[in-house]
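Participant: Following this line is my_file.tsv, made up of TSV, C-alpha atoms:
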chain	number	residue	atom	x	y	z
D	1	MET	CA	16.21	9.91	11.45
D	2	PRO	CA	12.64	8.61	11.53
D	3	ILE	CA	11.63	6.14	8.84
D	4	LEU	CA	10.08	7.99	5.91
D	5	GLN	CA	7.71	6.19	3.58
D	6	ASP	CA	7.25	7.65	0.14
D	7	PRO	CA	8.24	11.25	0.95
D	8	GLU	CA	8.40	11.67	-2.86
D	9	GLU	CA	4.57	11.20	-2.83
D	10	ASN	CA	4.70	8.83	-5.81
D	11	GLU	CA	1.83	6.78	-4.39
D	12	ILE	CA	-0.68	9.61	-4.04
D	13	ARG	CA	0.27	10.98	-7.46
D	14	ALA	CA	-0.41	7.57	-9.01
D	15	LEU	CA	-3.69	7.25	-7.09
D	16	LEU	CA	-4.92	10.67	-8.24
D	17	LYS	CA	-3.84	9.97	-11.81
D	18	HIS	CA	-5.76	6.69	-12.00
D	19	THR	CA	-8.77	7.66	-9.92
D	20	GLY	CA	-9.42	11.14	-11.22
D	21	SER	CA	-11.50	13.32	-8.94
D	22	PHE	CA	-12.49	12.17	-5.45
D	23	GLU	CA	-14.89	15.08	-5.11
D	24	GLY	CA	-18.25	14.04	-3.69
D	25	LYS	CA	-17.27	10.37	-3.63
D	26	SER	CA	-17.79	7.88	-0.83
D	27	VAL	CA	-14.65	5.78	-0.49
D	28	LEU	CA	-13.89	2.47	1.21
D	29	GLU	CA	-10.17	1.94	1.85
D	30	ILE	CA	-9.37	-1.68	2.69
D	31	GLY	CA	-6.07	-1.94	4.53
D	32	CYS	CA	-5.81	1.72	5.49
D	33	GLY	CA	-3.11	0.87	8.05
D	34	ASP	CA	-1.73	3.91	9.85
D	35	GLY	CA	-3.52	6.28	7.47
D	36	ARG	CA	-0.43	7.13	5.44
D	37	LEU	CA	-2.35	7.18	2.15
D	38	THR	CA	-5.76	8.06	3.59
D	39	TRP	CA	-4.73	11.45	4.93
D	40	ARG	CA	-3.38	12.41	1.50
D	41	TYR	CA	-6.64	12.09	-0.46
D	42	ALA	CA	-9.48	12.16	2.09
D	43	GLY	CA	-9.87	15.94	2.10
D	44	ASP	CA	-11.31	15.87	-1.42
D	45	THR	CA	-13.90	13.14	-0.77
D	46	ALA	CA	-17.43	13.22	0.61
D	47	HIS	CA	-16.54	10.49	3.07
D	48	VAL	CA	-13.92	7.79	3.67
D	49	THR	CA	-14.40	4.56	5.57
D	50	GLY	CA	-11.02	3.01	6.36
D	51	ILE	CA	-10.76	-0.53	7.67
D	52	ASP	CA	-7.78	-2.52	8.89
D	53	PRO	CA	-7.63	-5.60	11.11
D	54	ASP	CA	-4.15	-4.74	12.43
D	55	THR	CA	-4.67	-3.17	15.87
D	56	GLU	CA	-1.21	-1.60	16.13
D	57	ARG	CA	-1.54	0.22	12.81
D	58	TYR	CA	-5.11	1.23	13.64
D	59	GLN	CA	-3.91	2.75	16.93
D	60	ARG	CA	-1.19	4.65	15.08
D	61	ALA	CA	-3.81	6.00	12.68
D	62	LEU	CA	-5.97	7.18	15.58
D	63	ALA	CA	-2.96	8.87	17.16
D	64	ASP	CA	-2.10	10.67	13.89
D	65	PHE	CA	-5.70	11.49	12.88
D	66	PRO	CA	-5.69	15.00	11.36
D	67	THR	CA	-8.26	17.17	13.13
D	68	GLN	CA	-9.55	18.64	9.88
D	69	LEU	CA	-10.46	15.17	8.57
D	70	LYS	CA	-12.45	13.97	11.59
D	71	SER	CA	-15.79	14.88	10.00
D	72	LYS	CA	-14.91	13.04	6.77
D	73	VAL	CA	-13.05	9.91	7.80
D	74	GLU	CA	-14.14	7.00	9.97
D	75	LEU	CA	-11.71	4.23	10.84
D	76	HIS	CA	-12.55	0.71	11.97
D	77	ASN	CA	-10.23	-1.91	13.44
D	78	ILE	CA	-11.94	-4.72	11.58
D	79	GLY	CA	-11.40	-7.19	8.75
D	80	LEU	CA	-13.23	-7.07	5.44
D	81	ASP	CA	-15.61	-9.97	6.11
D	82	ASP	CA	-16.75	-8.59	9.46
D	83	PHE	CA	-17.15	-5.13	7.98
D	84	ALA	CA	-19.19	-6.47	5.05
D	85	ASP	CA	-21.50	-8.33	7.45
D	86	ARG	CA	-22.47	-4.97	8.98
D	87	ALA	CA	-22.36	-2.77	5.89
D	88	HIS	CA	-24.98	-2.07	3.24
D	89	THR	CA	-24.29	-3.48	-0.19
D	90	ASP	CA	-23.72	-1.18	-3.19
D	91	GLN	CA	-22.84	1.81	-1.00
D	92	PHE	CA	-19.37	3.01	-2.08
D	93	ASP	CA	-18.40	4.93	-5.21
D	94	ILE	CA	-14.77	3.85	-4.92
D	95	ALA	CA	-13.02	1.00	-3.13
D	96	ILE	CA	-9.27	1.08	-2.69
D	97	LEU	CA	-7.39	-2.12	-1.96
D	98	ALA	CA	-4.29	-0.62	-0.41
D	99	TRP	CA	-1.58	-3.31	-0.41
D	100	SER	CA	-4.17	-5.62	1.10
D	101	LEU	CA	-4.65	-8.50	-1.33
T	1	MET	CA	-3.34	-14.40	1.93
T	2	PRO	CA	-4.14	-17.68	0.13
T	3	PRO	CA	-5.42	-17.27	-3.45
T	4	GLU	CA	-8.92	-18.48	-2.61
T	5	ARG	CA	-9.17	-15.83	0.13
T	6	MET	CA	-8.10	-13.18	-2.37
T	7	VAL	CA	-10.94	-14.22	-4.66
T	8	HIS	CA	-13.39	-14.19	-1.77
T	9	ALA	CA	-12.17	-10.73	-0.70
T	10	LEU	CA	-12.68	-9.39	-4.22
T	11	GLU	CA	-16.20	-10.86	-4.36
T	12	THR	CA	-16.93	-9.13	-1.06
T	13	VAL	CA	-15.54	-5.82	-2.29
T	14	HIS	CA	-17.68	-6.17	-5.41
T	15	SER	CA	-20.80	-6.36	-3.23
T	16	LEU	CA	-19.87	-3.14	-1.41
T	17	ILE	CA	-19.25	-0.97	-4.49
T	18	LYS	CA	-22.14	0.69	-6.31
T	19	PRO	CA	-22.78	-0.64	-9.83
T	20	GLY	CA	-20.60	1.46	-12.11
T	21	GLY	CA	-18.31	2.34	-9.22
T	22	MET	CA	-14.56	2.00	-9.20
T	23	LEU	CA	-12.05	-0.42	-7.70
T	24	ILE	CA	-8.45	0.71	-7.33
T	25	ASP	CA	-5.98	-2.02	-6.46
T	26	ILE	CA	-2.48	-1.17	-5.27
T	27	HIS	CA	-0.02	-4.00	-4.72
T	28	PRO	CA	3.69	-4.66	-5.30
T	29	GLY	CA	4.87	-6.13	-8.55
T	30	VAL	CA	6.75	-9.40	-8.80
T	31	ASP	CA	10.13	-7.74	-9.40
T	32	LYS	CA	12.19	-7.82	-6.23
T	33	ALA	CA	12.59	-4.66	-4.18
T	34	TRP	CA	16.16	-3.47	-3.72
T	35	VAL	CA	18.30	-1.67	-1.20
T	36	GLU	CA	20.45	1.34	-1.98
T	37	VAL	CA	22.57	3.71	0.04
T	38	ARG	CA	22.40	7.43	-0.59
T	39	VAL	CA	25.78	8.94	0.21
T	40	ASN	CA	26.30	12.65	-0.12
T	41	GLY	CA	23.29	12.80	-2.46
T	42	LYS	CA	24.35	9.91	-4.75
T	43	ASP	CA	22.58	6.52	-4.81
T	44	TYR	CA	24.44	3.17	-4.88
T	45	PHE	CA	22.84	-0.27	-5.31
T	46	LEU	CA	23.49	-2.73	-2.46
T	47	ASP	CA	21.31	-5.81	-2.95
T	48	VAL	CA	17.83	-7.10	-3.74
T	49	ILE	CA	15.42	-8.08	-0.97
T	50	GLN	CA	14.39	-11.72	-0.92
T	51	GLU	CA	11.08	-12.88	0.50
T	52	THR	CA	10.51	-16.17	2.27
T	53	ASP	CA	7.69	-16.89	-0.20
T	54	ASP	CA	9.61	-15.43	-3.16
T	55	TYR	CA	7.07	-12.68	-3.98
T	56	ILE	CA	4.54	-15.30	-5.06
T	57	GLU	CA	1.55	-13.59	-3.42
T	58	TYR	CA	1.84	-10.56	-5.71
T	59	GLN	CA	1.37	-12.73	-8.80
T	60	GLN	CA	-1.51	-14.47	-7.02
T	61	ALA	CA	-3.12	-11.07	-6.38
T	62	SER	CA	-2.87	-10.21	-10.07
T	63	ASP	CA	-4.31	-13.62	-10.97
T	64	ALA	CA	-7.25	-13.14	-8.57
T	65	LEU	CA	-8.02	-9.77	-10.14
T	66	ALA	CA	-7.83	-11.30	-13.63
T	67	GLN	CA	-10.31	-13.95	-12.50
T	68	MET	CA	-12.75	-11.19	-11.48
T	69	VAL	CA	-12.47	-9.71	-14.96
T	70	ASP	CA	-13.00	-13.12	-16.59
T	71	ARG	CA	-16.13	-13.56	-14.49
T	72	LYS	CA	-17.27	-10.08	-15.55
T	73	LEU	CA	-17.62	-8.84	-11.98
T	74	PHE	CA	-15.24	-6.03	-12.91
T	75	THR	CA	-14.00	-4.50	-16.15
T	76	PHE	CA	-10.32	-3.63	-16.43
T	77	GLU	CA	-9.80	0.05	-17.31
T	78	GLU	CA	-6.16	1.02	-16.89
T	79	ALA	CA	-2.95	0.19	-15.04
T	80	GLY	CA	0.29	1.89	-14.13
T	81	LYS	CA	3.40	1.55	-11.99
T	82	PHE	CA	5.23	3.73	-9.52
T	83	LEU	CA	8.27	3.45	-7.28
T	84	PHE	CA	7.64	3.36	-3.54
T	85	ILE	CA	10.72	4.44	-1.59
T	86	ILE	CA	11.38	3.91	2.11
T	87	HIS	CA	14.11	6.00	3.74
T	88	ALA	CA	16.02	5.08	6.92
T	89	GLY	CA	19.06	6.54	8.64
T	90	SER	CA	20.78	3.20	9.25
T	91	MET	CA	20.54	-0.52	8.53
T	92	ASP	CA	19.39	-1.09	12.11
T	93	GLU	CA	16.47	1.29	11.60
T	94	MET	CA	15.57	-0.35	8.31
T	95	ARG	CA	15.73	-3.85	9.78
T	96	GLU	CA	13.50	-2.77	12.68
T	97	PHE	CA	11.00	-1.26	10.25
T	98	LEU	CA	10.97	-4.39	8.07
T	99	SER	CA	10.51	-6.72	11.02
T	100	ALA	CA	7.38	-4.80	12.00
T	101	ASN	CA	5.97	-4.07	8.56
T	102	TRP	CA	7.31	-6.58	6.04
T	103	LYS	CA	7.72	-9.77	8.01
T	104	ASP	CA	8.71	-12.08	5.15
T	105	ALA	CA	11.46	-9.79	3.82
T	106	VAL	CA	14.95	-11.26	4.05
T	107	LEU	CA	17.99	-8.97	4.06
T	108	ASN	CA	21.39	-10.52	3.45
T	109	ASP	CA	23.68	-10.14	6.49
T	110	SER	CA	26.48	-8.84	4.27
T	111	LEU	CA	24.44	-5.68	3.67
T	112	ASP	CA	25.42	-4.26	7.06
T	113	GLY	CA	29.12	-4.41	6.23
T	114	LYS	CA	28.59	-2.85	2.81
T	115	ALA	CA	26.44	-0.10	4.32
T	116	ARG	CA	29.10	0.62	6.97
T	117	GLU	CA	31.73	1.02	4.22
T	118	TYR	CA	29.60	3.63	2.49
T	119	PHE	CA	28.77	5.29	5.81
T	120	SER	CA	32.49	5.76	6.49
T	121	LYS	CA	32.71	7.80	3.25
T	122	ALA	CA	29.65	9.92	4.04
T	123	ALA	CA	31.01	13.39	4.66
T	124	GLU	CA	27.64	15.13	4.33
T	125	SER	CA	24.67	12.77	4.42
T	126	PHE	CA	23.79	9.08	4.52
T	127	GLU	CA	20.53	7.19	4.04
T	128	ILE	CA	19.43	3.62	3.44
T	129	LEU	CA	16.71	3.34	0.78
T	130	ILE	CA	14.39	0.53	-0.23
T	131	ARG	CA	12.86	0.91	-3.67
T	132	GLN	CA	9.94	-1.22	-4.76
T	133	GLU	CA	7.91	-1.17	-7.95
T	134	ILE	CA	4.18	-0.99	-7.21
T	135	LEU	CA	1.30	-1.73	-9.57
T	136	ILE	CA	-1.86	0.33	-9.52
T	137	THR	CA	-4.89	-0.81	-11.49
T	138	ARG	CA	-8.34	0.64	-12.02
T	139	PHE	CA	-11.42	-1.52	-12.57
T	140	ARG	CA	-15.09	-0.67	-13.08
T	141	ARG	CA	-17.66	-2.59	-11.06
T	142	ASN	CA	-20.21	-4.31	-13.32
What's the structure tokens form of this structure?

Facilitator:
Amino acid sequence: MPILQDPEENEIRALLKHTGSFEGKSVLEIGCGDGRLTWRYAGDTAHVTGIDPDTERYQRALADFPTQLKSKVELHNIGLDDFADRAHTDQFDIAILAWSL
Amino acid sequence: MPPERMVHALETVHSLIKPGGMLIDIHPGVDKAWVEVRVNGKDYFLDVIQETDDYIEYQQASDALAQMVDRKLFTFEEAGKFLFIIHAGSMDEMREFLSANWKDAVLNDSLDGKAREYFSKAAESFEILIRQEILITRFRRN
């Protein structure tokens, strides 16, 4: 059988419980990895920027990118410092540190 | 990640969030994850998972977040816990997954023998599970 991570969806339930509504929000997900969590909440947001310095996981995310999310989600194979150097300050409504500290 | 880099990362994240915006941190707790087998729908404990650094970075992450609150960069709002469960069809699959995704996890060699014993009794279904308690915390950006 393939490895299944959190098929019980405990993680997304906890995220939705503690975040409330994502509607209309711009989100930065730091450590988005292969998109496992991203795909589960991005549909409700205005926009998601996902960053991860791990090239293998980033490539897996690109390969699994849901077509319906392509207008809402942008992914970058980049670390936080490099991203911050290029980004505007004070631009995201929500930042998610996803297992990345 | 060394503690000072955690603090630097949180300062950087602070600069990217709008004032009044939200930070959600998700990271494992300090309690050790554990391995179970699920045989014919019933779960049996096998062993805890050790880490080469003994789970110390998760406490350091919590400490770095607390430092941000002390410095009033963020305000703590609420916290919770959930169980994250990884499912594999065999110990080999689980070991392969861990070597790619959780490099400092250490599984006792005796687990394979114990898992094989349970597998021999599995008339209907068999899975290897890893359960880990995860902390989720919400902060407000000041």

Participant: May I have the residues of chain T within 8 Å of chain D, counting all atoms listed in the file, written as JSON, numbers by chain?

Facilitator: {"T": [1, 6, 9, 12, 13, 15, 16, 17, 18, 19, 21, 22, 23, 24, 25, 26, 27, 28, 61, 78, 79, 80, 81, 82, 83, 84, 85, 86, 87, 88, 89, 93, 94, 97, 136, 137, 138]}

Participant: I need the residue nearest His14 in chain T from this list: T:Phe119, T:Tyr58, T:Phe74, T:Phe126. Use all atoms listed in the file for the distance.

Facilitator: T:Phe74

Participant: Within 12 Å of Tyr55 in chain T, counting all atoms listed in the file, which residues qualify if same-chain residues fewer than 3 places away don't, as an mmCIF file with C-alpha atoms, in the coordinates of the input?

Facilitator:
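Done, and the output landed in selection08.cif:
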data_model
loop_
_atom_site.group_PDB
_atom_site.id
_atom_site.type_symbol
_atom_site.label_atom_id
_atom_site.label_comp_id
_atom_site.auth_asym_id
_atom_site.auth_seq_id
_atom_site.Cartn_x
_atom_site.Cartn_y
_atom_site.Cartn_z
ATOM 1 C CA HIS T 27 -0.020 -4.000 -4.720
ATOM 2 C CA PRO T 28 3.690 -4.660 -5.300
ATOM 3 C CA GLY T 29 4.870 -6.130 -8.550
ATOM 4 C CA VAL T 30 6.750 -9.400 -8.800
ATOM 5 C CA ASP T 31 10.130 -7.740 -9.400
ATOM 6 C CA LYS T 32 12.190 -7.820 -6.230
ATOM 7 C CA ALA T 33 12.590 -4.660 -4.180
ATOM 8 C CA ILE T 49 15.420 -8.080 -0.970
ATOM 9 C CA GLN T 50 14.390 -11.720 -0.920
ATOM 10 C CA GLU T 51 11.080 -12.880 0.500
ATOM 11 C CA THR T 52 10.510 -16.170 2.270
ATOM 12 C CA TYR T 58 1.840 -10.560 -5.710
ATOM 13 C CA GLN T 59 1.370 -12.730 -8.800
ATOM 14 C CA GLN T 60 -1.510 -14.470 -7.020
ATOM 15 C CA ALA T 61 -3.120 -11.070 -6.380
ATOM 16 C CA SER T 62 -2.870 -10.210 -10.070
ATOM 17 C CA TRP T 102 7.310 -6.580 6.040
ATOM 18 C CA ASP T 104 8.710 -12.080 5.150
ATOM 19 C CA ALA T 105 11.460 -9.790 3.820
ATOM 20 C CA VAL T 106 14.950 -11.260 4.050
ATOM 21 C CA GLN T 132 9.940 -1.220 -4.760
#

Participant: Point out the residue among T:Leu129, T:Leu10, T:Val48, T:Val37 with the least atom-to-atom distance to Leu65 in chain T, counting all atoms listed in the file.

Facilitator: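 Residue with the minimum atom-to-atom distance to Leu65 in chain T: T:Leu10.
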
Participant: Got a sec: who's within 9 Å of Asp34 in chain D, counting all atoms listed in the file, leaving out chain neighbours fewer than 4 positions off, as a ChimeraX atom specification?

Facilitator: /D:38,52,56-64

Participant: With distances taken over all atoms listed in the file, which of D:Gln68, D:Arg86, D:Gly33, D:Phe22 is nearest to Ala46 in chain D?

Facilitator: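 When distances to Ala46 in chain D are compared using all atoms listed in the file, the smallest one comes from D:Phe22.
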
Participant: Can you report as AutoDock Vina command-line options the centre and edge lengths in Å, to one decimal, of an axis-aligned box around the listed atoms of range 7-12 of chain T padded with 8 Å on each side?

Facilitator:
--center_x -13.9 --center_y -11.7 --center_z -2.7 --size_x 22.0 --size_y 21.1 --size_z 20.0

Participant: Here is a test: counting all atoms listed in the file, which residue of T:Leu107, T:Met91, T:Leu73, T:Ala100 is nearest to Ile128 in chain T?

Facilitator: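 Among the listed residues, T:Met91 lies closest to Ile128 in chain T.
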
Participant: Find the residue from T:Asp47, T:Asp53, T:Asp92, T:Asp70 that sits nearest to Asn108 in chain T; use all atoms listed in the file when measuring.

Facilitator: T:Asp47
